[in-house]
>>> print(open('upload.txt').read())   # compact mmCIF, C-alpha atoms
# COMPACT_ATOMS: atom_id res chain seq x y z
CA MET A 2 256.80 -82.59 4.48
CA GLU A 3 257.30 -85.50 6.85
CA THR A 4 259.81 -87.24 4.54
CA ALA A 5 261.71 -83.97 4.08
CA VAL A 6 262.07 -83.71 7.87
CA ILE A 7 263.32 -87.29 8.16
CA ASN A 8 265.76 -86.74 5.28
CA LEU A 9 267.20 -83.60 6.82
CA ALA A 10 267.76 -85.38 10.15
CA SER A 11 269.56 -88.22 8.33
CA ALA A 12 271.56 -85.70 6.32
CA LEU A 13 272.59 -83.96 9.57
CA ALA A 14 273.61 -87.31 11.06
CA ASP A 15 275.51 -88.19 7.89
CA ASP A 16 277.42 -84.91 7.43
CA LEU A 17 276.60 -82.18 9.93
CA ASP A 18 278.67 -79.41 8.36
CA THR A 19 277.17 -79.90 4.90
CA ALA A 20 273.55 -80.31 6.02
CA PHE A 21 273.47 -77.69 8.76
CA PRO A 22 273.10 -74.66 6.42
CA ASP A 23 269.99 -76.41 4.98
CA LEU A 24 268.57 -76.74 8.48
CA VAL A 25 269.11 -73.01 9.04
CA ARG A 26 267.64 -72.01 5.66
CA SER A 27 264.57 -74.17 6.14
CA ARG A 28 263.88 -73.15 9.78
CA GLN A 29 265.28 -69.64 10.35
CA ASN A 30 262.10 -67.83 9.25
CA GLN A 31 259.76 -69.84 11.44
CA ILE A 32 262.09 -69.47 14.44
CA PHE A 33 262.58 -65.74 13.88
CA GLY A 34 258.90 -65.15 13.05
CA GLY A 35 257.72 -66.94 16.19
CA VAL A 36 260.36 -65.50 18.51
CA MET A 37 259.61 -62.00 17.17
CA ARG A 38 255.96 -62.33 18.29
CA ILE A 39 257.00 -63.75 21.68
CA VAL A 40 259.72 -61.21 22.61
CA ARG A 41 258.33 -58.32 20.46
CA HIS A 42 261.75 -56.82 19.85
CA HIS A 43 263.47 -57.10 16.48
CA ALA A 44 267.13 -57.12 17.62
CA ASP A 45 266.38 -59.56 20.49
CA ALA A 46 264.50 -61.85 18.11
CA ALA A 47 267.46 -61.86 15.71
CA ASP A 48 269.88 -62.58 18.61
CA ILE A 49 267.73 -65.42 19.94
CA THR A 50 267.36 -66.91 16.45
CA GLN A 51 271.13 -66.86 15.96
CA GLU A 52 271.81 -68.29 19.41
CA THR A 53 269.21 -71.04 18.89
CA PHE A 54 270.98 -72.34 15.79
CA ILE A 55 274.48 -71.93 17.21
CA ARG A 56 273.48 -73.96 20.28
CA ALA A 57 271.74 -76.48 18.05
CA TYR A 58 274.93 -76.89 16.03
CA ARG A 59 277.07 -77.43 19.13
CA ALA A 60 274.58 -79.95 20.50
CA LEU A 61 274.40 -81.84 17.19
CA ALA A 62 278.20 -81.97 17.02
CA GLY A 63 278.16 -83.90 20.30
CA TYR A 64 275.30 -86.31 19.44
CA ASP A 65 275.81 -89.72 17.85
CA ASN A 66 274.13 -90.52 14.54
CA ALA A 67 271.24 -92.51 16.00
CA ARG A 68 270.33 -89.65 18.32
CA ILE A 69 270.35 -87.09 15.50
CA GLU A 70 268.26 -89.29 13.21
CA ALA A 71 265.69 -89.76 15.95
CA LEU A 72 265.32 -86.00 16.55
CA LYS A 73 262.03 -84.26 15.86
CA LEU A 74 263.80 -81.20 14.54
CA ASP A 75 261.07 -78.55 14.88
CA GLY A 76 260.09 -79.40 18.43
CA TRP A 77 263.76 -79.78 19.38
CA LEU A 78 264.80 -76.41 17.89
CA TRP A 79 261.89 -74.71 19.60
CA THR A 80 262.92 -76.25 22.95
CA ILE A 81 266.14 -74.27 22.61
CA ALA A 82 264.42 -71.13 21.29
CA ILE A 83 261.71 -71.08 23.99
CA ASN A 84 264.34 -71.45 26.69
CA LEU A 85 266.26 -68.48 25.27
CA CYS A 86 263.03 -66.45 25.10
CA ARG A 87 262.37 -67.21 28.78
CA ASN A 88 265.92 -66.25 29.77
CA SER A 89 265.70 -63.04 27.76
CA ALA A 90 262.40 -62.12 29.46
CA ARG A 91 263.83 -62.92 32.88
CA ARG A 92 266.91 -60.82 32.21
CA LYS A 93 265.01 -57.79 31.04
CA ASN A 94 261.79 -58.09 33.04
CA PRO A 95 260.17 -56.02 30.30
CA VAL A 96 257.02 -53.95 30.41
CA PRO A 97 254.87 -54.97 27.42
CA SER A 98 255.48 -52.29 24.85
CA GLN A 99 252.56 -50.46 23.32
CA LEU A 100 254.64 -49.27 20.39
CA PRO A 101 256.36 -51.34 17.75
CA ASP A 102 260.10 -51.50 18.11
CA GLN A 103 261.82 -48.94 15.91
CA ALA A 104 264.12 -51.54 14.40
CA SER A 105 261.13 -53.48 13.08
CA LEU A 106 259.97 -50.46 11.11
CA GLU A 107 262.54 -50.84 8.39
CA PRO A 108 261.89 -48.57 5.42
CA GLY A 109 260.03 -50.36 2.67
CA PRO A 110 257.03 -50.17 0.37
CA GLU A 111 253.69 -49.02 1.70
CA SER A 112 252.38 -52.59 1.91
CA ALA A 113 255.27 -53.47 4.22
CA ALA A 114 254.46 -50.48 6.42
CA ILE A 115 250.82 -51.56 6.63
CA ALA A 116 251.86 -55.13 7.41
CA SER A 117 254.20 -53.80 10.07
CA ALA A 118 251.46 -51.64 11.61
CA GLU A 119 249.14 -54.64 11.55
CA ALA A 120 251.82 -56.74 13.28
CA ALA A 121 252.27 -54.03 15.90
CA THR A 122 248.53 -54.07 16.60
CA TRP A 123 248.64 -57.83 17.05
CA ASP A 124 251.71 -57.55 19.29
CA THR A 125 249.72 -55.26 21.60
CA ARG A 126 246.88 -57.78 21.70
CA LEU A 127 249.24 -60.74 22.25
CA ALA A 128 250.94 -58.79 25.04
CA ARG A 129 247.66 -59.02 26.99
CA LEU A 130 247.87 -62.83 27.13
CA THR A 131 249.83 -64.65 29.83
CA ALA A 132 253.36 -65.58 28.74
CA THR A 133 252.35 -69.27 28.59
CA GLN A 134 249.26 -68.58 26.49
CA ARG A 135 251.17 -66.24 24.19
CA SER A 136 253.92 -68.80 23.45
CA ALA A 137 251.33 -71.53 22.90
CA VAL A 138 249.20 -69.38 20.56
CA VAL A 139 252.24 -68.15 18.61
CA LEU A 140 253.73 -71.65 18.25
CA ARG A 141 250.37 -73.11 17.17
CA HIS A 142 249.04 -70.41 14.88
CA VAL A 143 251.93 -68.16 13.79
CA VAL A 144 254.55 -70.91 13.47
CA GLY A 145 252.17 -73.80 12.80
CA LEU A 146 253.56 -76.41 15.19
CA SER A 147 251.47 -79.41 16.26
CA TYR A 148 250.37 -79.74 19.89
CA ASP A 149 252.93 -82.54 20.32
CA GLU A 150 255.71 -80.29 19.04
CA ILE A 151 254.60 -77.43 21.31
CA SER A 152 254.54 -79.89 24.19
CA GLN A 153 258.12 -80.92 23.38
CA ALA A 154 259.23 -77.28 23.08
CA THR A 155 257.58 -76.01 26.27
CA GLY A 156 257.86 -79.12 28.41
CA ARG A 157 254.10 -78.99 29.16
CA PRO A 158 251.75 -81.94 28.46
CA ALA A 159 250.03 -81.84 25.06
CA GLY A 160 246.56 -81.61 26.68
CA THR A 161 247.64 -78.62 28.78
CA VAL A 162 249.16 -76.95 25.71
CA LYS A 163 245.90 -77.42 23.82
CA ALA A 164 244.03 -75.74 26.69
CA ASP A 165 246.61 -72.88 26.71
CA VAL A 166 245.99 -72.28 23.00
CA HIS A 167 242.20 -72.36 23.38
CA ARG A 168 242.23 -69.97 26.34
CA GLY A 169 244.62 -67.68 24.46
CA ILE A 170 242.43 -67.60 21.37
CA ALA A 171 239.31 -67.03 23.50
CA ARG A 172 241.06 -64.11 25.19
CA LEU A 173 242.08 -62.63 21.81
CA ARG A 174 238.46 -62.96 20.65
CA ARG A 175 237.25 -60.97 23.65
CA ILE A 176 239.94 -58.33 23.03
CA LEU A 177 238.81 -57.99 19.38
CA GLU A 178 235.14 -57.76 20.41
CA ALA A 179 236.03 -55.04 22.90
CA GLU A 180 237.92 -53.14 20.18
CA ALA A 181 234.90 -53.43 17.84
CA THR A 182 232.49 -51.93 20.36
CA GLN A 183 234.73 -48.99 21.21
CA MET F 24 239.89 -73.47 10.52
CA SER F 25 238.46 -70.40 8.84
CA ASP F 26 238.61 -68.54 12.16
CA PRO F 27 239.67 -64.98 11.19
CA ILE F 28 241.86 -64.70 14.30
CA GLU F 29 243.80 -67.80 13.33
CA ARG F 30 244.14 -66.53 9.74
CA ASP F 31 245.46 -63.17 10.95
CA LEU F 32 247.95 -64.91 13.24
CA GLU F 33 249.26 -67.01 10.34
CA ASP F 34 249.97 -63.79 8.42
CA LEU F 35 252.19 -62.50 11.25
CA ASN F 36 255.08 -64.80 10.38
CA THR F 37 257.89 -62.48 9.27
CA ALA F 38 261.10 -63.59 7.59
CA ALA F 39 264.45 -63.40 9.38
CA PRO F 40 266.78 -60.59 8.21
CA ALA F 41 269.34 -61.82 5.69
CA TRP F 42 272.31 -61.26 8.02
CA VAL F 43 270.92 -63.73 10.58
CA PHE F 44 271.97 -66.63 8.34
CA GLU F 45 275.50 -65.23 7.95
CA ASN F 46 275.84 -64.65 11.70
CA ILE F 47 274.80 -68.23 12.38
CA MET F 48 277.33 -69.57 9.87
CA VAL F 49 280.07 -67.44 11.46
CA GLY F 50 278.93 -68.28 15.01
CA THR F 51 279.06 -72.04 14.38
CA GLY F 52 282.44 -71.76 12.67
CA LEU F 53 281.09 -73.06 9.34
CA TRP F 54 282.11 -69.75 7.83
CA ASP F 55 285.28 -67.84 8.64
CA GLU F 56 285.71 -64.11 9.07
CA TYR F 57 288.75 -62.27 7.82
CA ALA F 58 290.58 -58.97 8.08
CA VAL F 59 293.88 -57.43 7.01
CA VAL F 60 296.55 -57.06 9.71
CA ASP F 61 300.14 -55.85 9.70
CA GLY F 62 302.67 -58.65 9.30
CA PRO F 63 306.41 -58.68 10.01
CA ILE F 64 307.28 -57.52 6.48
CA GLU F 65 303.94 -56.62 4.85
CA PRO F 66 300.15 -56.64 5.45
CA MET F 67 298.48 -60.06 5.62
CA TYR F 68 294.99 -61.46 5.27
CA VAL F 69 294.07 -63.34 8.43
CA ALA F 70 290.94 -65.54 8.65
CA TRP F 71 289.51 -67.12 11.80
CA ASN F 72 286.53 -68.93 13.29
CA PRO F 73 285.57 -69.58 16.93
CA ARG F 74 288.23 -72.34 17.10
CA GLY F 75 291.13 -70.12 16.04
CA ILE F 76 293.08 -68.72 13.09
CA THR F 77 292.54 -70.73 9.91
CA THR F 78 294.49 -68.75 7.32
CA CYS F 79 297.26 -66.21 7.11
CA ILE F 80 298.58 -65.04 3.75
CA PRO F 81 300.44 -61.94 2.54
CA VAL F 82 298.12 -59.44 0.83
CA SER F 83 300.60 -59.09 -2.07
CA VAL F 84 300.25 -62.81 -2.80
CA VAL F 85 296.44 -62.69 -2.95
CA GLY F 86 295.75 -59.27 -4.44
CA SER F 87 292.17 -58.41 -3.41
CA ASP F 88 289.30 -59.31 -1.07
CA ASP F 89 287.49 -61.05 -3.92
CA ALA F 90 290.56 -63.11 -4.75
CA PHE F 91 291.02 -63.96 -1.07
CA GLU F 92 287.42 -65.15 -0.69
CA GLU F 93 287.76 -67.09 -3.94
CA SER F 94 290.91 -68.89 -2.80
CA HIS F 95 289.73 -69.50 0.78
CA PRO F 96 288.71 -73.15 1.26
CA ARG F 97 285.50 -72.14 3.09
CA PRO F 98 283.09 -69.20 2.83
CA ALA F 99 284.62 -66.14 4.49
CA ARG F 100 283.05 -62.81 5.47
CA PRO F 101 285.02 -59.57 5.80
CA ALA F 102 284.99 -58.45 9.44
CA GLY F 103 286.84 -55.13 9.25
CA HIS F 104 289.03 -56.00 12.23
CA VAL F 105 290.10 -58.95 14.35
CA PRO F 106 288.05 -59.34 17.60
CA ALA F 107 289.93 -57.70 20.50
CA ALA F 108 290.79 -60.86 22.48
CA LEU F 109 292.12 -62.67 19.42
CA ASP F 110 293.85 -59.54 18.18
CA ARG F 111 295.88 -59.24 21.41
CA LYS F 112 297.10 -62.83 21.08
CA LEU F 113 297.82 -62.33 17.39
CA ALA F 114 299.79 -59.14 18.02
CA ARG F 115 301.84 -60.90 20.71
CA ALA F 116 302.53 -63.88 18.41
CA LEU F 117 303.69 -61.54 15.63
CA ALA F 118 305.82 -59.48 18.00
CA THR F 119 307.53 -62.49 19.62
CA GLY F 120 307.65 -64.86 16.65
CA ARG F 121 306.05 -67.56 18.82
CA LEU F 122 302.42 -68.78 18.83
CA GLY F 123 302.10 -68.52 22.60
CA ASN F 124 298.38 -68.80 23.41
CA LEU F 125 297.22 -67.86 19.90
CA PRO F 126 294.66 -70.52 18.88
CA ILE F 127 295.21 -72.00 15.40
CA ASP F 128 292.47 -74.13 13.85
CA LEU F 129 294.14 -76.94 11.91
CA SER F 130 291.10 -79.23 12.15
CA ALA F 131 290.57 -79.20 8.38
CA LEU F 132 294.00 -80.79 7.83
CA GLY F 133 295.12 -84.41 7.91
CA SER F 134 296.94 -85.80 10.95
CA PHE F 135 300.37 -85.92 9.22
CA GLN F 136 300.24 -82.29 8.12
CA ARG F 137 298.99 -81.26 11.56
CA ALA F 138 301.89 -83.07 13.23
CA VAL F 139 304.38 -81.39 10.85
CA LEU F 140 302.95 -77.93 11.49
CA GLU F 141 302.74 -78.39 15.26
CA LYS F 142 306.39 -79.46 15.34
CA CYS F 143 307.37 -76.56 13.07
CA ALA F 144 305.67 -74.15 15.49
CA GLU F 145 308.23 -75.18 18.14
CA ILE F 146 311.17 -73.74 16.19
CA PRO F 147 312.12 -70.52 18.01
CA PRO F 148 312.41 -67.19 16.16
CA GLY F 149 315.88 -66.53 14.79
CA GLU F 150 316.65 -70.25 14.43
CA ILE F 151 316.37 -72.68 11.53
CA ARG F 152 316.04 -76.48 11.25
CA PRO F 153 316.24 -78.80 8.24
CA TYR F 154 313.19 -80.65 6.85
CA GLY F 155 314.67 -83.91 8.15
CA TRP F 156 314.61 -82.56 11.71
CA ILE F 157 310.80 -82.32 11.60
CA ALA F 158 310.50 -85.71 9.90
CA ALA F 159 312.58 -87.33 12.65
CA ALA F 160 310.90 -85.40 15.45
CA ILE F 161 307.42 -86.60 14.43
CA GLY F 162 308.67 -90.20 14.28
CA ASN F 163 308.74 -90.43 10.49
CA PRO F 164 312.43 -89.94 9.55
CA GLY F 165 311.93 -91.15 5.98
CA ALA F 166 309.22 -88.61 5.19
CA VAL F 167 311.49 -85.64 4.40
CA ARG F 168 309.83 -84.84 1.06
CA ALA F 169 306.33 -85.23 2.56
CA VAL F 170 307.36 -82.77 5.29
CA GLY F 171 308.37 -80.31 2.57
CA THR F 172 305.00 -80.73 0.85
CA ALA F 173 303.09 -80.34 4.13
CA LEU F 174 305.00 -77.13 4.92
CA GLY F 175 304.48 -75.85 1.37
CA ARG F 176 300.73 -76.07 2.02
CA ASN F 177 300.92 -74.42 5.45
CA PRO F 178 297.62 -72.49 5.73
CA VAL F 179 299.11 -70.13 8.35
CA PRO F 180 302.62 -69.25 7.16
CA ILE F 181 304.52 -66.66 9.24
CA LEU F 182 302.41 -67.63 12.31
CA ILE F 183 303.51 -71.26 11.98
CA PRO F 184 307.06 -70.48 10.89
CA CYS F 185 307.66 -72.76 7.89
CA HIS F 186 310.18 -70.12 6.76
CA ARG F 187 312.42 -71.45 9.56
CA VAL F 188 312.67 -74.85 7.89
CA VAL F 189 315.54 -75.18 5.40
CA ARG F 190 317.25 -77.70 3.18
CA THR F 191 319.24 -80.59 4.63
CA ASP F 192 322.45 -79.07 3.23
CA GLY F 193 321.77 -75.93 5.28
CA ARG F 194 320.82 -73.69 2.37
CA ILE F 195 317.66 -71.60 2.74
CA GLY F 196 315.72 -73.48 0.02
CA ASN F 197 312.27 -72.83 -1.40
CA TYR F 198 309.30 -70.98 -0.01
CA ALA F 199 305.69 -71.02 -1.16
CA TYR F 200 305.85 -67.23 -1.69
CA GLY F 201 309.38 -67.11 -3.08
CA THR F 202 312.88 -67.44 -1.65
CA GLY F 203 313.11 -63.65 -1.43
CA MET F 204 310.29 -63.50 1.11
CA LYS F 205 311.80 -66.40 3.11
CA ARG F 206 315.10 -64.50 3.26
CA GLU F 207 313.32 -61.29 4.34
CA LEU F 208 311.39 -63.10 7.09
CA LEU F 209 314.53 -64.73 8.47
CA GLU F 210 316.48 -61.45 8.37
CA ALA F 211 313.58 -59.71 10.15
CA GLU F 212 314.22 -62.21 12.98
CA GLY F 213 317.89 -61.24 13.11
CA LEU F 214 319.41 -64.05 11.04
CA ASP F 215 322.28 -63.30 8.68
CA VAL F 216 321.15 -65.30 5.64
CA THR F 217 324.35 -64.61 3.69
CA GLU F 218 326.39 -66.07 6.53
CA ILE F 219 324.05 -69.08 6.79
CA GLU F 220 324.46 -69.82 3.09
CA GLU F 221 328.21 -69.32 3.36
CA THR F 222 328.40 -71.77 6.31
CA ALA F 223 326.28 -74.26 4.34
CA GLY F 224 328.61 -73.79 1.36
CA ARG F 225 331.53 -74.94 3.52
CA ASN F 226 329.52 -78.11 4.30
CA VAL F 227 329.19 -77.16 7.97
CA ARG F 228 326.04 -78.71 9.46
CA PHE F 229 326.70 -78.44 13.19
CA VAL F 230 328.85 -76.52 15.63
CA GLY F 231 330.26 -77.89 18.90
CA SER F 232 331.70 -76.47 22.09
CA GLU F 233 335.02 -77.85 23.30
CA THR F 234 334.17 -76.85 26.87
CA THR F 235 330.76 -78.57 27.11
CA GLY F 236 331.22 -81.36 24.54
CA VAL F 237 327.82 -80.51 23.11
CA TYR F 238 327.00 -79.95 19.42
CA CYS F 239 324.13 -77.88 17.98
CA TYR F 240 322.57 -76.57 14.81
CA PRO F 241 324.52 -73.40 13.97
CA THR F 242 321.51 -71.12 14.66
CA CYS F 243 320.55 -72.79 17.97
CA ARG F 244 320.72 -70.23 20.76
CA HIS F 245 323.23 -72.45 22.58
CA GLY F 246 325.29 -72.97 19.43
CA ARG F 247 325.54 -69.21 18.89
CA ARG F 248 326.79 -68.67 22.44
CA ILE F 249 329.93 -70.77 21.84
CA SER F 250 332.94 -68.47 21.84
CA GLU F 251 335.19 -68.35 18.77
CA ARG F 252 338.11 -70.20 20.36
CA ASN F 253 336.00 -73.07 21.76
CA ARG F 254 333.94 -73.46 18.60
CA LEU F 255 334.28 -76.53 16.37
CA GLU F 256 332.53 -77.15 13.07
CA PHE F 257 331.16 -80.55 12.03
CA ARG F 258 330.10 -81.81 8.61
CA SER F 259 327.70 -84.36 10.08
CA ALA F 260 326.20 -85.58 13.34
CA ASP F 261 328.21 -88.79 12.90
CA GLU F 262 331.45 -86.81 12.84
CA ALA F 263 330.49 -85.01 16.06
CA GLU F 264 329.45 -88.24 17.79
CA ARG F 265 332.69 -89.98 16.69
CA LEU F 266 334.65 -87.21 18.39
CA GLY F 267 332.71 -87.81 21.61
CA TYR F 268 330.29 -84.88 21.37
CA ARG F 269 326.62 -85.29 22.32
CA GLY F 270 323.62 -83.56 20.72
CA CYS F 271 322.16 -80.43 22.33
CA LYS F 272 318.99 -81.15 24.28
CA VAL F 273 317.38 -77.93 23.06
CA CYS F 274 317.88 -78.11 19.26
CA ARG F 275 318.13 -81.93 19.20
CA PRO F 276 320.36 -82.50 16.15
CA ILE F 277 319.55 -85.49 13.99
CA ALA F 278 321.81 -87.48 11.67
CA ALA F 279 321.18 -86.25 8.14
>>> encode(input="upload.txt", output="structure tokens")
Amino acid sequence: METAVINLASALADDLDTAFPDLVRSRQNQIFGGVMRIVRHHADAADITQETFIRAYRALAGYDNARIEALKLDGWLWTIAINLCRNSARRKNPVPSQLPDQASLEPGPESAAIASAEAATWDTRLARLTATQRSAVVLRHVVGLSYDEISQATGRPAGTVKADVHRGIARLRRILEAEATQ
Amino acid sequence: MSDPIERDLEDLNTAAPAWVFENIMVGTGLWDEYAVVDGPIEPMYVAWNPRGITTCIPVSVVGSDDAFEESHPRPARPAGHVPAALDRKLARALATGRLGNLPIDLSALGSFQRAVLEKCAEIPPGEIRPYGWIAAAIGNPGAVRAVGTALGRNPVPILIPCHRVVRTDGRIGNYAYGTGMKRELLEAEGLDVTEIEETAGRNVRFVGSETTGVYCYPTCRHGRRISERNRLEFRSADEAERLGYRGCKVCRPIAA
């Protein structure tokens, strides 16, 4: 995994236009999947995913080779994505939705519908975390970033990020316990 | 790590819709989009990216969307129509025969071909210049054949008017999509191609005005304003210069 990341960064430095589609293919699902849980709106998540990569491309086009090769791609991409999530939230000032977004309920097999309903339930639970905790929990456990990468993406110290994740998980545990006793 | 909450959270990762990838490729300009628009004599495929128009080609030359995508040097996605802002500039360029503020993306081309095409774009509608004029104007007077090759591979014909570039002897010459189409395009701009060929047949390269002492290419707007009785015909720039005439500052004649 680590060598693949280093190779992709070198490939981007070597020939941006050829390697960039590989960057998108290898990262678009984790960016979309994470952003979807943070903004909880299918069309917004798709827009933010697109904008993340388009901005990444423009930035890479202006970087010299050494700078591209030194990039920690996941943390760097998420720095852009998290910023766009924040801007989107600020623009809309949304009320946490209790219902799944219609666009996310695309017609599909029954298993997909169940998965979608399950995701909607989790979105409602995640909506009860603070924005900071929610991003930290999503980046750590949905996306699978390391604390260092989350620190890079959010601009918060790694120790603080770790505490955000633990508090978020503890809060989710209490929410689940409350659901179980109802 | 067997915490059920953490396991459930891992399962929440959903894949991006398929069109997200395409939108990113289009948004970065790695892929082009294309649509069919009306051209001066027939419909044309036009492709573009965020930097500008990359391709323009008559539909009759290509045949179908599949064939267009196949022949396009980069992946291209059908867009249905040209985005409004670009479409306005494109419509104006087609109506006036000049690029104006229409952005053209020639970044995929080499510097020589770019220089040839940029110079070619300066030729006004309704006027023609020989290949050697472009070669001289880009500081490479010996590269007449290379200019012809560069124009023959013009990715945006009609918009960059390679049909306005003709043989040194003044005859219309070849065109990537046939001499017939070149003739049609020039006539659509108000040129009398039969008369041009007839003038070329009499070995007339330039016309001069006795009143101003200036000589021009026959289709230069200043050359065409010369009245019949003040109008002189020259077989070469040397002949005109020998008789004390100077080259027009607009069409800038060169010695053939």
>>> interface_residues(input="upload.txt", of="chain F", to="chain A", cutoff="6 Å", atoms="all atoms listed in the file", output="PyMOL selection string")
chain F and resi 32-33+36-39+47+51
>>> residues_around(input="upload.txt", residues="Gly270 of chain F", least_positions_apart="6", cutoff="8 Å", atoms="only C-alpha atoms", output="list of chain:residue names")
F:Val237, F:Tyr238, F:Cys239, F:Pro276
>>> residues_around(input="upload.txt", residues="Phe257 of chain F", least_positions_apart="4", cutoff="12 Å", atoms="only C-alpha atoms", output="PDB file with C-alpha atoms, in the frame of the given file")
ATOM      1  CA  THR F 222     328.400 -71.770   6.310  1.00  0.00           C
ATOM      2  CA  ALA F 223     326.280 -74.260   4.340  1.00  0.00           C
ATOM      3  CA  ARG F 225     331.530 -74.940   3.520  1.00  0.00           C
ATOM      4  CA  ASN F 226     329.520 -78.110   4.300  1.00  0.00           C
ATOM      5  CA  VAL F 227     329.190 -77.160   7.970  1.00  0.00           C
ATOM      6  CA  ARG F 228     326.040 -78.710   9.460  1.00  0.00           C
ATOM      7  CA  PHE F 229     326.700 -78.440  13.190  1.00  0.00           C
ATOM      8  CA  VAL F 230     328.850 -76.520  15.630  1.00  0.00           C
ATOM      9  CA  GLY F 231     330.260 -77.890  18.900  1.00  0.00           C
ATOM     10  CA  SER F 232     331.700 -76.470  22.090  1.00  0.00           C
ATOM     11  CA  VAL F 237     327.820 -80.510  23.110  1.00  0.00           C
ATOM     12  CA  TYR F 238     327.000 -79.950  19.420  1.00  0.00           C
ATOM     13  CA  CYS F 239     324.130 -77.880  17.980  1.00  0.00           C
ATOM     14  CA  TYR F 240     322.570 -76.570  14.810  1.00  0.00           C
ATOM     15  CA  PRO F 241     324.520 -73.400  13.970  1.00  0.00           C
ATOM     16  CA  ASP F 261     328.210 -88.790  12.900  1.00  0.00           C
ATOM     17  CA  GLU F 262     331.450 -86.810  12.840  1.00  0.00           C
ATOM     18  CA  ALA F 263     330.490 -85.010  16.060  1.00  0.00           C
ATOM     19  CA  GLU F 264     329.450 -88.240  17.790  1.00  0.00           C
ATOM     20  CA  ARG F 265     332.690 -89.980  16.690  1.00  0.00           C
ATOM     21  CA  LEU F 266     334.650 -87.210  18.390  1.00  0.00           C
ATOM     22  CA  TYR F 268     330.290 -84.880  21.370  1.00  0.00           C
ATOM     23  CA  GLY F 270     323.620 -83.560  20.720  1.00  0.00           C
ATOM     24  CA  PRO F 276     320.360 -82.500  16.150  1.00  0.00           C
ATOM     25  CA  ALA F 278     321.810 -87.480  11.670  1.00  0.00           C
TER      26      ALA F 278
END
>>> residues_around(input="upload.txt", residues="segment 71-80 of chain A", least_positions_apart="4", cutoff="6 Å", atoms="all atoms listed in the file", output="ChimeraX atom specification")
/A:150,153-154
>>> residues_near_point(input="upload.txt", point="(273.1, -87.0, 20.3)", cutoff="12 Å", atoms="all atoms listed in the file", output="ChimeraX atom specification")
/A:10,13-14,17,57-72,77
>>> residues_around(input="upload.txt", residues="Met67 of chain F", least_positions_apart="5", cutoff="8 Å", atoms="only C-alpha atoms", output="ChimeraX atom specification")
/F:59-62,79-82
>>> atom_distance(input="upload.txt", atom1="atom CA of Arg100 of chain F", atom2="atom CA of Glu56 of chain F")
4.7 Å
>>> closest_residue(input="upload.txt", among="F:Ala131, F:Val139, F:Ala144, F:Ala41", to="Gly171 of chain F", atoms="all atoms listed in the file")
F:Val139
>>> residues_around(input="upload.txt", residues="Pro148 of chain F", least_positions_apart="6", cutoff="12 Å", atoms="all atoms listed in the file", output="list in words")
Ala116, Leu117, Ala118, Thr119, Gly120, Arg121, Leu122, Ile181, Leu182, Ile183, Pro184, Cys185, His186, Arg187, Val188, Leu208, Leu209, Glu210, Ala211, Glu212, Gly213, Leu214, Thr242, Cys243 and Arg244 of chain F
>>> write_last_selection(input="upload.txt", atoms="C-alpha atoms", output="PDB file, in the frame of the given file")
ATOM      1  CA  ALA F 116     302.530 -63.880  18.410  1.00  0.00           C
ATOM      2  CA  LEU F 117     303.690 -61.540  15.630  1.00  0.00           C
ATOM      3  CA  ALA F 118     305.820 -59.480  18.000  1.00  0.00           C
ATOM      4  CA  THR F 119     307.530 -62.490  19.620  1.00  0.00           C
ATOM      5  CA  GLY F 120     307.650 -64.860  16.650  1.00  0.00           C
ATOM      6  CA  ARG F 121     306.050 -67.560  18.820  1.00  0.00           C
ATOM      7  CA  LEU F 122     302.420 -68.780  18.830  1.00  0.00           C
ATOM      8  CA  ILE F 181     304.520 -66.660   9.240  1.00  0.00           C
ATOM      9  CA  LEU F 182     302.410 -67.630  12.310  1.00  0.00           C
ATOM     10  CA  ILE F 183     303.510 -71.260  11.980  1.00  0.00           C
ATOM     11  CA  PRO F 184     307.060 -70.480  10.890  1.00  0.00           C
ATOM     12  CA  CYS F 185     307.660 -72.760   7.890  1.00  0.00           C
ATOM     13  CA  HIS F 186     310.180 -70.120   6.760  1.00  0.00           C
ATOM     14  CA  ARG F 187     312.420 -71.450   9.560  1.00  0.00           C
ATOM     15  CA  VAL F 188     312.670 -74.850   7.890  1.00  0.00           C
ATOM     16  CA  LEU F 208     311.390 -63.100   7.090  1.00  0.00           C
ATOM     17  CA  LEU F 209     314.530 -64.730   8.470  1.00  0.00           C
ATOM     18  CA  GLU F 210     316.480 -61.450   8.370  1.00  0.00           C
ATOM     19  CA  ALA F 211     313.580 -59.710  10.150  1.00  0.00           C
ATOM     20  CA  GLU F 212     314.220 -62.210  12.980  1.00  0.00           C
ATOM     21  CA  GLY F 213     317.890 -61.240  13.110  1.00  0.00           C
ATOM     22  CA  LEU F 214     319.410 -64.050  11.040  1.00  0.00           C
ATOM     23  CA  THR F 242     321.510 -71.120  14.660  1.00  0.00           C
ATOM     24  CA  CYS F 243     320.550 -72.790  17.970  1.00  0.00           C
ATOM     25  CA  ARG F 244     320.720 -70.230  20.760  1.00  0.00           C
TER      26      ARG F 244
END
>>> atom_distance(input="upload.txt", atom1="atom CA of Leu9 of chain A", atom2="atom CA of Arg30 of chain F")
28.8 Å
>>> closest_residue(input="upload.txt", among="F:Asp31, F:Glu150, F:Glu141, F:Asp26", to="Val189 of chain F", atoms="only C-alpha atoms")
F:Glu150
>>> atom_distance(input="upload.txt", atom1="atom CA of Asp192 of chain F", atom2="atom CA of Val84 of chain F")
28.2 Å
